[in-house]
>>> print(open('start-v3.cif').read())   # mmCIF, C-alpha atoms
data_model
#
loop_
_atom_site.label_atom_id
_atom_site.label_comp_id
_atom_site.auth_asym_id
_atom_site.auth_seq_id
_atom_site.Cartn_x
_atom_site.Cartn_y
_atom_site.Cartn_z
CA MET W 1 -31.24 -0.04 -28.01
CA SER W 2 -32.58 -0.42 -24.44
CA ASN W 3 -32.68 1.67 -21.25
CA GLY W 4 -31.57 4.74 -23.17
CA ARG W 5 -28.40 3.09 -24.47
CA LEU W 6 -27.20 3.09 -28.06
CA THR W 7 -26.38 -0.13 -29.85
CA LEU W 8 -22.62 0.16 -29.42
CA LYS W 9 -20.09 -1.20 -31.87
CA LYS W 10 -19.10 -4.77 -31.07
CA ARG W 11 -15.54 -4.99 -29.78
CA ALA W 12 -13.14 -7.76 -28.91
CA PRO W 13 -13.23 -8.75 -25.19
CA ARG W 14 -10.01 -6.87 -24.35
CA ASN W 15 -10.84 -3.83 -26.47
CA ARG W 16 -10.97 -0.77 -24.18
CA THR W 17 -11.94 1.87 -26.76
CA ILE W 18 -14.09 4.58 -25.17
CA GLN W 19 -17.64 4.68 -26.50
CA LEU W 20 -20.59 6.99 -25.87
CA THR W 21 -24.02 5.75 -24.84
CA ARG W 22 -27.18 7.72 -25.43
CA ALA W 23 -27.26 8.48 -21.71
CA ASP W 24 -23.66 9.73 -21.90
CA LYS W 25 -24.59 12.10 -24.69
CA ARG W 26 -27.57 13.56 -22.85
CA ARG W 27 -25.60 14.05 -19.65
CA LEU W 28 -22.38 15.36 -21.16
CA LYS W 29 -23.94 17.72 -23.69
CA LYS W 30 -24.98 19.98 -20.83
CA ARG W 31 -21.32 20.47 -19.91
CA LEU W 32 -20.21 21.77 -23.29
CA ILE W 33 -19.71 25.50 -23.71
CA SER W 34 -21.59 26.95 -26.69
CA LEU W 35 -20.91 30.15 -28.61
CA ALA W 36 -23.96 31.65 -26.93
CA ASP W 37 -22.47 30.81 -23.53
CA LEU W 38 -19.23 32.55 -24.50
CA LYS W 39 -21.09 35.75 -25.37
CA ASN W 40 -22.59 35.89 -21.88
CA LYS W 41 -19.72 34.67 -19.71
CA PRO W 42 -15.91 34.53 -20.21
CA CYS W 43 -14.48 31.02 -20.43
CA GLU W 44 -11.77 30.25 -17.87
CA SER W 45 -11.61 26.48 -18.43
CA GLY W 46 -13.64 23.92 -20.38
CA ILE W 47 -14.53 22.51 -23.79
CA ILE W 48 -16.13 24.80 -26.36
CA HIS W 49 -18.33 23.28 -29.04
CA GLY W 50 -18.05 25.40 -32.16
CA PRO W 51 -15.72 26.60 -34.92
CA CYS W 52 -12.46 28.00 -33.62
CA ASP W 53 -12.63 31.14 -35.77
CA GLU W 54 -15.87 32.16 -34.04
CA ALA W 55 -15.03 30.94 -30.53
CA ALA W 56 -11.62 32.63 -30.46
CA LYS W 57 -13.28 36.06 -30.66
CA TYR W 58 -14.64 35.65 -27.14
CA LEU W 59 -11.52 34.44 -25.35
CA PRO W 60 -9.54 36.89 -23.21
CA ARG W 61 -6.41 38.40 -24.77
CA ASN W 62 -2.97 37.67 -23.29
CA SER W 63 -4.29 34.75 -21.23
CA VAL W 64 -2.79 31.56 -22.72
CA ASP W 65 0.45 30.12 -21.33
CA LEU W 66 0.72 27.18 -23.74
CA MET W 67 -0.96 26.58 -27.08
CA VAL W 68 -0.97 23.16 -28.72
CA LEU W 69 -2.00 23.56 -32.35
CA ASP W 70 -2.93 20.31 -34.11
CA PRO W 71 -4.85 21.35 -37.25
CA PRO W 72 -5.74 18.98 -40.10
CA TYR W 73 -2.53 18.10 -41.91
CA ASN W 74 -2.10 18.89 -45.60
CA MET W 75 -3.49 15.55 -46.73
CA ASN W 76 -6.79 13.91 -47.66
CA LYS W 77 -8.50 12.96 -44.41
CA SER W 78 -12.03 12.46 -43.09
CA PHE W 79 -13.01 13.43 -39.54
CA ASN W 80 -16.37 11.92 -38.58
CA GLY W 81 -17.92 12.89 -41.91
CA ARG W 82 -15.98 16.16 -42.34
CA SER W 83 -13.32 15.99 -45.03
CA PHE W 84 -10.07 17.88 -45.49
CA SER W 85 -8.34 17.76 -48.89
CA LYS W 86 -4.66 18.07 -49.71
CA THR W 87 -3.80 21.39 -51.29
CA SER W 88 -0.67 23.20 -52.48
CA ILE W 89 2.08 24.19 -50.06
CA ASP W 90 1.33 27.87 -50.68
CA LYS W 91 -2.38 27.48 -49.88
CA TYR W 92 -1.69 25.46 -46.74
CA THR W 93 0.86 28.06 -45.63
CA GLU W 94 -1.76 30.77 -46.06
CA LEU W 95 -4.24 28.70 -44.03
CA LEU W 96 -1.73 28.50 -41.17
CA ARG W 97 -1.10 32.24 -41.36
CA GLY W 98 -4.80 32.74 -40.78
CA TYR W 99 -4.72 30.54 -37.69
CA PHE W 100 -1.67 32.32 -36.26
CA GLU W 101 -3.22 35.72 -36.92
CA MET W 102 -6.34 34.56 -35.09
CA PHE W 103 -4.71 32.99 -32.04
CA ALA W 104 -1.60 35.15 -31.48
CA PRO W 105 -3.51 37.87 -29.55
CA LEU W 106 -4.64 35.24 -27.01
CA LEU W 107 -1.05 34.36 -26.04
CA LYS W 108 0.95 35.79 -23.19
CA ASP W 109 4.33 37.29 -24.00
CA SER W 110 5.87 34.31 -22.19
CA ALA W 111 3.74 31.69 -24.00
CA THR W 112 4.96 28.60 -25.84
CA ILE W 113 3.41 27.19 -29.01
CA TYR W 114 3.68 23.61 -30.26
CA ILE W 115 2.48 23.03 -33.84
CA CYS W 116 1.86 19.47 -35.05
CA GLY W 117 2.41 18.34 -38.62
CA ASP W 118 3.90 15.75 -40.93
CA TRP W 119 6.66 15.82 -43.54
CA ARG W 120 4.47 17.58 -46.12
CA SER W 121 2.93 20.23 -43.86
CA SER W 122 6.18 21.00 -42.00
CA ALA W 123 7.45 23.19 -44.85
CA SER W 124 4.38 25.40 -44.45
CA ILE W 125 4.56 25.35 -40.64
CA TYR W 126 8.12 26.71 -40.57
CA GLN W 127 7.44 29.39 -43.16
CA ALA W 128 4.29 30.70 -41.47
CA ALA W 129 5.41 30.25 -37.84
CA ASP W 130 8.64 32.14 -38.48
CA GLU W 131 6.58 35.21 -39.39
CA TYR W 132 4.72 35.27 -36.05
CA PHE W 133 6.83 33.47 -33.43
CA VAL W 134 10.36 32.52 -32.48
CA VAL W 135 10.93 29.06 -33.99
CA ARG W 136 13.24 27.15 -31.63
CA ASN W 137 13.28 23.52 -32.73
CA ARG W 138 11.53 20.74 -34.59
CA ILE W 139 10.68 17.56 -32.69
CA THR W 140 10.29 14.41 -34.74
CA TRP W 141 8.47 11.57 -33.05
CA GLU W 142 8.26 8.01 -34.28
CA ARG W 143 4.84 6.45 -34.67
CA GLU W 144 4.81 2.86 -33.47
CA LYS W 145 2.79 2.05 -36.55
CA GLY W 146 3.59 3.48 -39.95
CA ARG W 147 1.56 3.86 -43.11
CA GLY W 148 2.80 1.20 -45.54
CA ALA W 149 3.82 2.07 -49.08
CA LYS W 150 4.96 -0.16 -51.97
CA ALA W 151 6.94 2.49 -53.84
CA ASN W 152 8.04 4.80 -51.04
CA TRP W 153 9.51 4.75 -47.54
CA LYS W 154 6.99 3.88 -44.84
CA ASN W 155 5.63 7.08 -43.28
CA ALA W 156 6.31 6.35 -39.60
CA CYS W 157 6.96 9.76 -38.00
CA GLU W 158 5.41 13.16 -37.39
CA ASP W 159 6.76 16.57 -36.42
CA ILE W 160 6.03 19.05 -33.64
CA TRP W 161 7.44 22.55 -34.06
CA PHE W 162 8.56 24.24 -30.83
CA CYS W 163 7.95 28.01 -30.89
CA THR W 164 7.68 30.83 -28.38
CA VAL W 165 6.27 34.33 -28.44
CA SER W 166 9.48 35.83 -27.05
CA ASP W 167 12.78 34.92 -25.40
CA LYS W 168 11.00 34.76 -22.05
CA TYR W 169 9.38 31.33 -21.78
CA THR W 170 9.01 28.27 -19.54
CA PHE W 171 11.09 25.13 -20.06
CA ASN W 172 11.09 22.65 -17.16
CA LEU W 173 13.86 20.22 -18.09
CA ASP W 174 13.75 18.28 -14.82
CA GLU W 175 10.04 17.53 -15.38
CA ILE W 176 10.58 15.66 -18.65
CA ARG W 177 13.56 13.38 -18.17
CA LEU W 178 13.44 10.05 -19.95
CA ARG W 179 14.46 6.89 -18.09
CA ARG W 180 16.64 4.74 -20.36
CA LYS W 181 18.10 1.34 -19.68
CA VAL W 182 21.90 1.40 -19.35
CA ARG W 183 23.39 -1.25 -21.63
CA ALA W 184 27.05 -0.80 -20.68
CA PRO W 185 27.11 0.71 -17.15
CA TYR W 186 30.21 2.79 -16.46
CA ARG W 187 31.63 3.10 -12.94
CA ASP W 188 34.16 5.57 -11.55
CA GLU W 189 37.52 4.62 -10.02
CA LYS W 190 35.80 3.72 -6.74
CA GLY W 191 33.31 1.42 -8.44
CA ARG W 192 30.35 3.77 -8.06
CA PRO W 193 27.71 4.13 -10.82
CA LYS W 194 28.47 7.08 -13.11
CA ASP W 195 25.28 9.04 -13.90
CA TRP W 196 23.02 5.98 -13.55
CA LYS W 197 21.18 4.04 -10.88
CA THR W 198 20.76 0.36 -10.16
CA THR W 199 17.25 -0.91 -9.35
CA ASP W 200 15.47 -4.25 -9.02
CA ALA W 201 14.25 -3.74 -12.59
CA GLY W 202 17.74 -3.07 -13.97
CA ASN W 203 20.20 -0.23 -14.49
CA PHE W 204 18.73 3.10 -15.62
CA ARG W 205 19.84 6.61 -16.48
CA ASP W 206 17.52 9.65 -16.44
CA THR W 207 18.42 11.68 -19.52
CA ALA W 208 17.28 14.94 -21.07
CA PRO W 209 15.10 14.13 -24.09
CA SER W 210 16.36 15.09 -27.53
CA ASN W 211 14.24 16.32 -30.43
CA ILE W 212 13.94 12.73 -31.68
CA TRP W 213 11.30 10.81 -29.72
CA SER W 214 11.10 7.04 -30.12
CA ASP W 215 9.15 6.23 -26.95
CA ILE W 216 5.65 7.40 -27.95
CA THR W 217 2.87 4.86 -28.51
CA ILE W 218 -0.11 5.74 -30.70
CA PRO W 219 -3.33 4.94 -28.77
CA PHE W 220 -4.68 1.55 -29.80
CA TRP W 221 -7.58 -0.73 -28.87
CA SER W 222 -6.19 -2.15 -25.60
CA MET W 223 -5.27 1.24 -24.11
CA PRO W 224 -7.85 2.87 -21.79
CA GLU W 225 -7.40 6.28 -23.48
CA ASN W 226 -8.23 5.00 -26.98
CA THR W 227 -11.14 6.44 -28.99
CA ASP W 228 -12.30 6.10 -32.58
CA HIS W 229 -10.81 9.47 -33.52
CA PRO W 230 -8.61 8.85 -36.61
CA THR W 231 -5.65 11.02 -35.55
CA GLN W 232 -5.68 10.82 -31.75
CA LYS W 233 -2.45 11.81 -30.00
CA SER W 234 -1.36 9.98 -26.85
CA GLU W 235 -1.54 11.41 -23.35
CA LYS W 236 2.14 10.60 -22.89
CA LEU W 237 3.09 12.83 -25.82
CA MET W 238 0.95 15.70 -24.55
CA ALA W 239 2.23 15.24 -21.00
CA ARG W 240 5.79 15.87 -22.17
CA LEU W 241 4.80 19.10 -23.94
CA ILE W 242 2.65 20.32 -21.04
CA LEU W 243 5.19 19.53 -18.31
CA ALA W 244 8.04 21.09 -20.28
CA SER W 245 6.30 24.34 -21.18
CA SER W 246 3.78 25.16 -18.46
CA ASN W 247 3.43 25.25 -14.70
CA PRO W 248 0.60 24.15 -12.38
CA ASP W 249 -2.55 26.25 -12.87
CA ASP W 250 -1.28 27.67 -16.19
CA LEU W 251 -3.78 27.85 -19.06
CA VAL W 252 -3.31 25.30 -21.87
CA PHE W 253 -5.19 26.04 -25.10
CA ASP W 254 -6.01 23.67 -27.97
CA PRO W 255 -8.24 25.10 -30.73
CA PHE W 256 -8.43 21.76 -32.62
CA LEU W 257 -9.17 19.55 -29.64
CA GLY W 258 -10.40 16.40 -31.40
CA SER W 259 -11.13 13.70 -28.82
CA GLY W 260 -9.66 15.81 -26.04
CA THR W 261 -6.17 14.52 -25.29
CA THR W 262 -4.69 17.96 -24.59
CA ALA W 263 -7.47 18.91 -22.16
CA ILE W 264 -7.49 15.54 -20.38
CA THR W 265 -3.72 15.54 -19.91
CA ALA W 266 -3.73 19.16 -18.75
CA LYS W 267 -6.34 18.29 -16.15
CA LYS W 268 -4.36 15.28 -14.93
CA LEU W 269 -1.28 17.47 -14.53
CA GLY W 270 -3.02 20.29 -12.64
CA ARG W 271 -3.32 22.83 -15.44
CA ARG W 272 -6.35 24.79 -16.60
CA TYR W 273 -7.49 24.09 -20.15
CA ILE W 274 -9.60 25.48 -22.95
CA GLY W 275 -10.33 23.28 -25.94
CA MET W 276 -12.34 24.05 -29.09
CA GLU W 277 -13.87 21.43 -31.34
CA ILE W 278 -16.41 21.80 -34.14
CA ASP W 279 -17.62 18.18 -34.00
CA GLU W 280 -20.09 17.51 -31.18
CA GLU W 281 -19.33 13.78 -31.04
CA PHE W 282 -15.65 14.46 -30.39
CA CYS W 283 -16.56 17.11 -27.80
CA LEU W 284 -18.66 14.55 -25.95
CA LEU W 285 -15.86 11.98 -26.10
CA ALA W 286 -13.55 14.58 -24.58
CA GLN W 287 -16.07 15.29 -21.81
CA LYS W 288 -16.37 11.59 -21.05
CA ARG W 289 -12.58 11.29 -20.84
CA LEU W 290 -12.49 14.26 -18.46
CA GLU W 291 -15.06 12.48 -16.32
CA MET W 292 -12.91 9.33 -16.36
CA ALA W 293 -9.88 11.37 -15.31
CA ASP W 294 -11.66 12.18 -12.04
CA VAL W 295 -11.41 8.48 -11.20
CA ASN W 296 -8.03 7.64 -12.74
CA ASP W 297 -5.37 10.27 -13.44
CA ALA W 298 -2.68 7.82 -14.62
CA ILE W 299 -0.79 8.53 -17.85
CA GLN W 300 0.48 5.40 -19.58
CA GLY W 301 4.27 5.48 -19.99
CA TYR W 302 4.70 8.23 -17.37
CA SER W 303 5.11 7.21 -13.72
CA ASP W 304 6.55 8.77 -10.57
CA GLY W 305 7.66 11.87 -12.45
CA ILE W 306 9.59 9.90 -15.09
CA PHE W 307 8.92 9.14 -18.75
CA TRP W 308 9.79 5.53 -19.54
CA GLU W 309 11.03 4.07 -22.80
CA ARG W 310 8.36 2.37 -24.90
CA ASN W 311 7.47 -1.13 -23.68
CA SER W 312 9.72 -0.86 -20.62
CA PHE W 313 9.08 -1.12 -16.88
CA PRO W 314 6.66 -0.01 -15.42
CA TYR W 315 4.86 0.41 -18.76
CA MET W 316 4.61 -3.37 -19.15
CA LYS W 317 2.75 -3.63 -15.83
CA LYS W 318 -0.03 -1.19 -16.80
#
>>> encode(input="start-v3.cif", output="structure tokens")
Amino acid sequence: MSNGRLTLKKRAPRNRTIQLTRADKRRLKKRLISLADLKNKPCESGIIHGPCDEAAKYLPRNSVDLMVLDPPYNMNKSFNGRSFSKTSIDKYTELLRGYFEMFAPLLKDSATIYICGDWRSSASIYQAADEYFVVRNRITWEREKGRGAKANWKNACEDIWFCTVSDKYTFNLDEIRLRRKVRAPYRDEKGRPKDWKTTDAGNFRDTAPSNIWSDITIPFWSMPENTDHPTQKSEKLMARLILASSNPDDLVFDPFLGSGTTAITAKKLGRRYIGMEIDEEFCLLAQKRLEMADVNDAIQGYSDGIFWERNSFPYMKK
């Protein structure tokens, strides 16, 4: 340790994982919103350090346009020293009911809710969400890396449940089109491209995304958004949810913020954000990423208003 810096973990030369120095921690801690701060002043945007069940009491009712709920899945997992243990489906369902009961009053009548889970927790998500919201779809997205298993199928996907408070909600289809390469380009009788465009990089079609997503990359060591959080979601994934279901200056809420991906992506896309996180280290990582977003607002895999297929142009040039 020297000049107020921590002895940081040694990384490979091309490893871009975000790390916190001692100076970072001192500077960024002042920007976190505490429970005491919430009692004295309403929070309009920012990162709240504290348990969500306490912090939620101080947020304004009917204020949230989009909620992204990414709680610990129903599995054994450790988060920076805090552990979550797998339980029965009934107990996990009851846990989710408690979250929905807590957060539902914060949502506008026109709000959208996305709830993250895996194959085991999805049974509980549907059962509990159906009691509070309108369940509209289940998105399944493919992880680029899967968890290997010798006596089972590799677990290489996760789910996101798409719910709304009512039948009045935002869905911006033209904001989330996916650019796919055209393998067998079809032309009309006059030889003109049919629903596709030719470019210097090849032939592409901009399509409406389905509820199966195969273009998402889990953050890894060479990506500038990567942290040491064990279950970090990518900015590209969050960008699709945020662009589809909110508008500029809308309020995006994430009560299990982790390393901050929802807040950072909301900021890059011109939305307001409130994130809650019980772990101070993760809060500080989120604050550092927000600071970095002031310098670079790029989202890997999303360019010029278009989502690109995994490992395709211009993704390869990033």
>>> closest_residue(input="start-v3.cif", among="W:Ile306, W:Asp65, W:Val182, W:Ala298", to="Asn247 of chain W", atoms="only C-alpha atoms")
W:Asp65
>>> resolve_selection(input="start-v3.cif", expression="the PyMOL selection byres ((chain W and resi 103) around 10)", output="list in words")
Cys52, Asp53, Ala56, Lys57, Leu59, Arg61, Val64, Met67, Leu69, Gly98, Tyr99, Phe100, Glu101, Met102, Ala104, Pro105, Leu106, Leu107, Phe253 and Pro255 of chain W
>>> resolve_selection(input="start-v3.cif", expression="the PyMOL selection byres ((chain W and resi 275) around 8)", output="number ranges by chain")
W: 46-48, 253-257, 260, 262-263, 273-274, 276-277
>>> atom_distance(input="start-v3.cif", atom1="atom CA of Leu28 of chain W", atom2="atom CA of Glu44 of chain W")
18.6 Å
>>> resolve_selection(input="start-v3.cif", expression="the PyMOL selection byres ((chain W and resi 165) around 10)", output="VMD selection string")
chain W and resid 104 107 to 113 132 to 135 163 to 164 166 to 169
>>> closest_residue(input="start-v3.cif", among="W:Arg120, W:Arg16, W:Lys77, W:Lys39", to="Tyr92 of chain W", atoms="all atoms listed in the file")
W:Arg120
>>> decode(input="start-v3.cif", residues="segment 47-114 of chain W", atoms="C-alpha atoms", output="CSV table (one decimal), in the first residue's frame")
chain,number,residue,atom,x,y,z
W,47,ILE,CA,-27.5,4.7,-4.9
W,48,ILE,CA,-28.8,3.9,-1.5
W,49,HIS,CA,-26.6,1.9,0.8
W,50,GLY,CA,-28.8,-0.2,3.1
W,51,PRO,CA,-31.3,-3.1,3.2
W,52,CYS,CA,-34.1,-2.7,0.7
W,53,ASP,CA,-36.8,-3.5,3.3
W,54,GLU,CA,-35.8,-0.4,5.3
W,55,ALA,CA,-34.9,1.9,2.4
W,56,ALA,CA,-38.2,1.2,0.5
W,57,LYS,CA,-40.2,2.8,3.4
W,58,TYR,CA,-38.8,6.2,2.5
W,59,LEU,CA,-39.3,6.2,-1.3
W,60,PRO,CA,-42.2,8.1,-2.8
W,61,ARG,CA,-45.3,6.1,-3.7
W,62,ASN,CA,-46.4,5.8,-7.4
W,63,SER,CA,-43.1,7.1,-8.7
W,64,VAL,CA,-41.3,4.2,-10.4
W,65,ASP,CA,-41.8,3.7,-14.2
W,66,LEU,CA,-39.6,0.6,-14.5
W,67,MET,CA,-38.5,-1.9,-11.8
W,68,VAL,CA,-35.8,-4.4,-12.5
W,69,LEU,CA,-35.9,-7.1,-9.7
W,70,ASP,CA,-32.8,-9.3,-9.5
W,71,PRO,CA,-32.9,-10.9,-6.1
W,72,PRO,CA,-30.7,-13.8,-5.0
W,73,TYR,CA,-31.8,-16.9,-6.9
W,74,ASN,CA,-33.0,-20.0,-5.1
W,75,MET,CA,-29.6,-21.6,-4.9
W,76,ASN,CA,-26.5,-21.7,-2.7
W,77,LYS,CA,-24.5,-18.5,-3.4
W,78,SER,CA,-22.1,-16.2,-1.6
W,79,PHE,CA,-22.1,-12.4,-2.2
W,80,ASN,CA,-18.9,-10.8,-0.8
W,81,GLY,CA,-19.2,-12.8,2.4
W,82,ARG,CA,-23.0,-12.8,2.6
W,83,SER,CA,-24.5,-16.2,1.8
W,84,PHE,CA,-27.9,-17.2,0.4
W,85,SER,CA,-29.0,-20.9,0.8
W,86,LYS,CA,-31.3,-22.9,-1.5
W,87,THR,CA,-34.7,-23.5,0.1
W,88,SER,CA,-38.0,-25.1,-0.9
W,89,ILE,CA,-40.1,-23.7,-3.7
W,90,ASP,CA,-42.8,-22.7,-1.3
W,91,LYS,CA,-40.4,-20.8,1.0
W,92,TYR,CA,-38.9,-19.0,-2.0
W,93,THR,CA,-42.3,-18.1,-3.3
W,94,GLU,CA,-43.2,-16.6,0.0
W,95,LEU,CA,-40.0,-14.6,0.0
W,96,LEU,CA,-40.9,-13.2,-3.4
W,97,ARG,CA,-44.4,-12.3,-2.2
W,98,GLY,CA,-42.8,-10.3,0.5
W,99,TYR,CA,-40.7,-8.3,-2.0
W,100,PHE,CA,-43.7,-7.7,-4.2
W,101,GLU,CA,-45.8,-6.5,-1.3
W,102,MET,CA,-43.0,-4.2,-0.3
W,103,PHE,CA,-42.3,-2.7,-3.7
W,104,ALA,CA,-45.7,-2.6,-5.4
W,105,PRO,CA,-46.8,0.7,-3.8
W,106,LEU,CA,-43.8,2.4,-5.3
W,107,LEU,CA,-44.9,1.6,-8.9
W,108,LYS,CA,-46.9,3.8,-11.2
W,109,ASP,CA,-50.1,2.3,-12.7
W,110,SER,CA,-48.3,2.3,-16.0
W,111,ALA,CA,-45.1,0.7,-14.7
W,112,THR,CA,-43.3,-2.4,-16.0
W,113,ILE,CA,-41.5,-5.0,-13.9
W,114,TYR,CA,-38.8,-7.4,-15.0
